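**Q** Sharing entry-v4.pdb here; it has PDB, C-alpha atoms.
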ATOM      1  CA  MET A 145     117.573  48.230  66.318
ATOM      2  CA  ARG A 146     117.664  48.178  70.117
ATOM      3  CA  ILE A 147     119.730  51.355  70.274
ATOM      4  CA  GLY A 148     117.258  53.190  68.017
ATOM      5  CA  LEU A 149     114.340  51.997  70.158
ATOM      6  CA  ALA A 150     116.150  53.053  73.338
ATOM      7  CA  VAL A 151     116.896  56.506  71.907
ATOM      8  CA  ALA A 152     113.277  56.938  70.783
ATOM      9  CA  LEU A 153     111.992  55.853  74.191
ATOM     10  CA  CYS A 154     114.416  58.219  75.952
ATOM     11  CA  PHE A 155     113.385  61.092  73.668
ATOM     12  CA  PHE A 156     109.679  60.447  74.249
ATOM     13  CA  THR A 157     110.149  60.230  78.046
ATOM     14  CA  SER A 158     112.109  63.485  78.172
ATOM     15  CA  PHE A 159     109.480  65.192  75.995
ATOM     16  CA  VAL A 160     106.687  64.114  78.345
ATOM     17  CA  CYS A 161     108.654  65.316  81.381
ATOM     18  CA  LEU A 162     109.382  68.696  79.795
ATOM     19  CA  SER A 163     105.773  69.248  78.762
ATOM     20  CA  GLU A 164     104.695  69.145  82.424
ATOM     21  CA  CYS A 165     107.214  71.813  83.493
ATOM     22  CA  ALA A 166     105.166  74.881  82.639
ATOM     23  CA  PRO A 167     105.422  77.531  85.348
ATOM     24  CA  PRO A 168     102.273  78.096  87.376
ATOM     25  CA  THR A 169     100.184  81.126  86.601
ATOM     26  CA  CYS A 170      98.906  83.466  89.289
ATOM     27  CA  TYR A 171      95.487  81.878  89.058
ATOM     28  CA  SER A 172      96.709  78.287  89.244
ATOM     29  CA  ARG A 173      99.092  79.040  92.127
ATOM     30  CA  SER A 174      96.452  80.872  94.166
ATOM     31  CA  LEU A 175      93.927  78.109  93.484
ATOM     32  CA  SER A 176      96.313  75.321  94.493
ATOM     33  CA  LEU A 177      97.508  77.234  97.559
ATOM     34  CA  SER A 178      93.940  77.835  98.716
ATOM     35  CA  LYS A 179      93.256  74.103  98.409
ATOM     36  CA  GLU A 180      96.418  73.373 100.412
ATOM     37  CA  VAL A 181      95.289  75.789 103.124
ATOM     38  CA  MET A 182      91.851  74.177 103.324
ATOM     39  CA  THR A 183      93.406  70.696 103.548
ATOM     40  CA  LEU A 184      95.785  71.851 106.264
ATOM     41  CA  LEU A 185      92.906  73.467 108.171
ATOM     42  CA  ASP A 186      91.017  70.176 108.080
ATOM     43  CA  LYS A 187      94.059  68.411 109.507
ATOM     44  CA  ILE A 188      94.439  71.031 112.238
ATOM     45  CA  HIS A 189      90.784  70.661 113.224
ATOM     46  CA  THR A 190      91.054  66.866 113.473
ATOM     47  CA  TYR A 191      94.586  66.311 114.826
ATOM     48  CA  HIS A 192      94.571  65.756 118.592
ATOM     49  CA  ARG A 193      97.514  68.094 119.284
ATOM     50  CA  THR A 194      96.081  71.053 117.382
ATOM     51  CA  LYS A 195      92.366  70.512 117.907
ATOM     52  CA  THR A 196      92.306  72.894 120.877
ATOM     53  CA  CYS A 197      94.251  75.479 118.878
ATOM     54  CA  ALA A 198      91.671  75.385 116.117
ATOM     55  CA  GLU A 199      88.882  76.385 118.490
ATOM     56  CA  VAL A 200      90.099  79.987 118.399
ATOM     57  CA  LEU A 201      90.370  80.122 114.607
ATOM     58  CA  PRO A 202      87.414  81.569 112.702
ATOM     59  CA  THR A 203      85.757  79.396 110.086
ATOM     60  CA  ILE A 204      86.884  80.153 106.576
ATOM     61  CA  PHE A 205      86.075  78.622 103.207
ATOM     62  CA  LEU A 206      88.528  79.982 100.677
ATOM     63  CA  ASP A 207      87.351  80.907  97.205
ATOM     64  CA  VAL A 208      89.793  82.826  95.035
ATOM     65  CA  HIS A 209      86.878  83.977  92.877
ATOM     66  CA  ASN A 210      85.403  85.941  95.787
ATOM     67  CA  SER A 211      86.593  89.527  96.216
ATOM     68  CA  CYS A 212      86.190  89.275  99.998
ATOM     69  CA  ILE A 213      89.103  86.842 100.178
ATOM     70  CA  THR A 214      91.622  89.619 100.823
ATOM     71  CA  THR A 215      89.920  90.961 103.940
ATOM     72  CA  LYS A 216      89.122  87.492 105.264
ATOM     73  CA  LEU A 217      92.708  86.316 104.779
ATOM     74  CA  ARG A 218      93.997  89.425 106.523
ATOM     75  CA  ASP A 219      91.651  88.867 109.472
ATOM     76  CA  PHE A 220      92.501  85.163 109.655
ATOM     77  CA  LEU A 221      96.208  85.940 109.576
ATOM     78  CA  TYR A 222      95.748  88.426 112.409
ATOM     79  CA  VAL A 223      94.142  85.713 114.545
ATOM     80  CA  LEU A 224      96.952  83.271 113.731
ATOM     81  CA  VAL A 225      99.714  85.726 114.579
ATOM     82  CA  ASN A 226      98.013  86.834 117.789
ATOM     83  CA  HIS A 227      96.840  83.415 118.946
ATOM     84  CA  PRO A 228      96.292  83.510 122.736
ATOM     85  CA  SER A 229      98.301  80.355 123.332
ATOM     86  CA  GLN A 230     102.073  80.342 122.904
ATOM     87  CA  TYR A 231     101.907  76.544 122.595
ATOM     88  CA  CYS A 232      99.606  76.868 119.593
ATOM     89  CA  ARG A 233     101.721  79.563 117.942
ATOM     90  CA  GLU A 234     104.713  77.198 118.031
ATOM     91  CA  ARG A 235     103.004  74.062 116.713
ATOM     92  CA  PRO A 236     104.534  73.093 113.340
ATOM     93  CA  ARG A 237     101.172  72.793 111.590
ATOM     94  CA  MET A 238     100.072  76.179 112.879
ATOM     95  CA  VAL A 239     103.344  77.734 111.701
ATOM     96  CA  LEU A 240     102.885  76.074 108.309
ATOM     97  CA  LEU A 241      99.316  77.368 108.121
ATOM     98  CA  LYS A 242     100.496  80.891 108.922
ATOM     99  CA  THR A 243     103.159  80.679 106.224
ATOM    100  CA  LYS A 244     100.731  79.384 103.606
ATOM    101  CA  ILE A 245      98.159  82.068 104.405
ATOM    102  CA  GLN A 246     100.845  84.768 104.262
ATOM    103  CA  ASN A 247     101.907  83.453 100.856
ATOM    104  CA  LEU A 248      98.334  83.303  99.572
ATOM    105  CA  TYR A 249      97.647  86.812 100.862
ATOM    106  CA  ALA A 250     100.792  88.101  99.137
ATOM    107  CA  ILE A 251      99.857  86.383  95.891
ATOM    108  CA  VAL A 252      96.303  87.724  95.880
ATOM    109  CA  THR A 253      97.114  91.282  96.958
ATOM    110  CA  ARG A 254     100.548  92.006  95.487
ATOM    111  CA  ILE A 255     101.920  89.487  93.039
ATOM    112  CA  CYS A 256      98.749  88.795  91.080
ATOM    113  CA  TYR A 257      97.096  92.136  91.687
ATOM    114  CA  ARG A 258      94.604  92.740  88.860
ATOM    115  CA  ASP A 259      95.328  89.336  87.311
ATOM    116  CA  LEU A 260      92.679  87.508  89.304
ATOM    117  CA  VAL A 261      89.066  87.873  88.262
ATOM    118  CA  PHE A 262      86.510  87.972  91.055
ATOM    119  CA  PHE A 263      83.102  86.601  90.143
ATOM    120  CA  THR A 264      81.372  87.409  93.401
ATOM    121  CA  ASP A 265      81.596  89.594  96.467
ATOM    122  CA  ASP A 266      79.632  87.354  98.806
ATOM    123  CA  CYS A 267      81.514  87.671 102.105
ATOM    124  CA  GLU A 268      79.106  85.315 103.870
ATOM    125  CA  ALA A 269      80.165  82.520 101.520
ATOM    126  CA  ILE A 270      83.706  82.647 102.899
ATOM    127  CA  ASP A 271      82.355  82.454 106.457
ATOM    128  CA  THR A 272      79.715  79.775 105.897
ATOM    129  CA  GLY A 273      80.768  77.916 102.775
ATOM    130  CA  HIS A 274      77.365  78.497 101.148
ATOM    131  CA  SER A 275      77.139  81.009  98.370
ATOM    132  CA  ARG A 276      73.960  82.728  97.350
ATOM    133  CA  PRO A 277      73.040  82.490  93.700
ATOM    134  CA  HIS A 278      73.803  85.749  91.926
ATOM    135  CA  TYR A 279      71.159  86.521  89.370
ATOM    136  CA  ALA A 280      71.913  88.946  86.626
ATOM    137  CA  GLU A 281      69.373  91.637  85.828
ATOM    138  CA  ASP A 282      67.802  89.717  82.947
ATOM    139  CA  ARG A 283      67.523  86.524  85.031
ATOM    140  CA  LEU A 284      65.901  88.500  87.853
ATOM    141  CA  GLN A 285      63.401  89.922  85.416
ATOM    142  CA  LEU A 286      62.515  86.395  84.199
ATOM    143  CA  LEU A 287      62.027  85.234  87.777
ATOM    144  CA  GLN A 288      59.684  88.138  88.494
ATOM    145  CA  GLU A 289      57.689  87.490  85.320
ATOM    146  CA  GLU A 290      57.180  83.824  86.283
ATOM    147  CA  ARG A 291      55.355  84.839  89.453
TER     148      ARG A 291
END
Hey, can you dump this file as structure tokens for me?
**A**
Amino acid sequence: MRIGLAVALCFFTSFVCLSECAPPTCYSRSLSLSKEVMTLLDKIHTYHRTKTCAEVLPTIFLDVHNSCITTKLRDFLYVLVNHPSQYCRERPRMVLLKTKIQNLYAIVTRICYRDLVFFTDDCEAIDTGHSRPHYAEDRLQLLQEER
């Protein structure tokens, strides 16, 4: 009886482990990588050794649903690579940030090209973090009729 219970428990555990091993899709990988970049940026802005390095970096709020992400990532990567301070270019967190942004840029522009769906092209939202509401034509007509 114990052996049968042990085999059943082992089978169930291996089934649960295998069900979580699905490979990431382009969308899920770009979404998780953008969250990792934003978390790392927060750490860089608050950590005492990299706080001065972050002063040169432009503000960026990543949204993989925004078509402006490619140009903003390219510009951000340019600033990282050409940071005025050699000390900052060599900091481990800054190197990690550069690597993650290079990976995200490669995923968005090459690996997942045409797989990602962009819902907006609001470039200000990436700079400020606030997106404008996008009204479709019928919604705009309803708003005008209410006035």
**Q** Could you pull the residues within 12 Å of A:Ala250, counting only C-alpha atoms, minus those fewer than 5 positions along the same chain, as JSON, numbers by chain?
**A** {"A": [170, 173, 174, 177, 213, 214, 217, 218, 221, 243, 244, 245, 255, 256, 257]}
**Q** Tell me, as a PDB file with C-alpha atoms, keeping the file's coordinate frame, which residues lie within 10 Å of A:Ser229, counting all atoms listed in the file; anything in the same chain fewer than 6 positions away does not count.
**A**
ATOM      1  CA  THR A 196      92.306  72.894 120.877  1.00  0.00           C
ATOM      2  CA  CYS A 197      94.251  75.479 118.878  1.00  0.00           C
ATOM      3  CA  VAL A 200      90.099  79.987 118.399  1.00  0.00           C
TER       4      VAL A 200
END
**Q** In Å, how far is it from atom CA of A:Leu175 to atom CA of A:Asp207?
**A**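 Taking atom CA of A:Leu175 as the start and atom CA of A:Asp207 as the end point, the length is 8.1 Å.
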**Q** How many Å lie between atom CA of A:Ser211 and atom CA of A:Asp265, rounded to one decimal?
**A**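 Separating atom CA of A:Ser211 from atom CA of A:Asp265 is a distance of 5.0 Å.
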**Q** What separation in Å, quoted to one decimal, exists between atom CA of A:Val239 and atom CA of A:Asp266?
**A** 28.7 Å
**Q** When distances are computed from only C-alpha atoms, which of A:Lys187, A:Tyr171, A:Pro236, A:Val181 shows the smallest separation from A:Phe220?
**A** A:Val181
**Q** If we count all atoms listed in the file and set the cut-off at 12 Å, which residues sit around A:Thr183, ignoring sequence neighbours fewer than 4 positions away in its own chain? Please answer as JSON, numbers by chain.
**A** {"A": [176, 177, 178, 179, 187, 188, 189, 190, 204, 205, 206, 237, 240, 241, 244]}
**Q** Can you sort out the box for stretch 227-241 of chain A, edges along x, y and z, all listed atoms in, 5 Å on every side, with centre and edge lengths in Å to one decimal, as AutoDock Vina command-line options?
**A**
--center_x 100.5 --center_y 78.2 --center_z 115.7 --size_x 18.4 --size_y 20.7 --size_z 25.2
**Q** When the PyMOL selection byres ((chain A and resi 224) around 8) is applied to the file above, which residues end up in the set, as a PDB file with C-alpha atoms, in the frame of the given file?
**A**
ATOM      1  CA  LEU A 201      90.370  80.122 114.607  1.00  0.00           C
ATOM      2  CA  PHE A 220      92.501  85.163 109.655  1.00  0.00           C
ATOM      3  CA  LEU A 221      96.208  85.940 109.576  1.00  0.00           C
ATOM      4  CA  TYR A 222      95.748  88.426 112.409  1.00  0.00           C
ATOM      5  CA  VAL A 223      94.142  85.713 114.545  1.00  0.00           C
ATOM      6  CA  VAL A 225      99.714  85.726 114.579  1.00  0.00           C
ATOM      7  CA  ASN A 226      98.013  86.834 117.789  1.00  0.00           C
ATOM      8  CA  HIS A 227      96.840  83.415 118.946  1.00  0.00           C
ATOM      9  CA  ARG A 233     101.721  79.563 117.942  1.00  0.00           C
ATOM     10  CA  MET A 238     100.072  76.179 112.879  1.00  0.00           C
ATOM     11  CA  LYS A 242     100.496  80.891 108.922  1.00  0.00           C
TER      12      LYS A 242
END
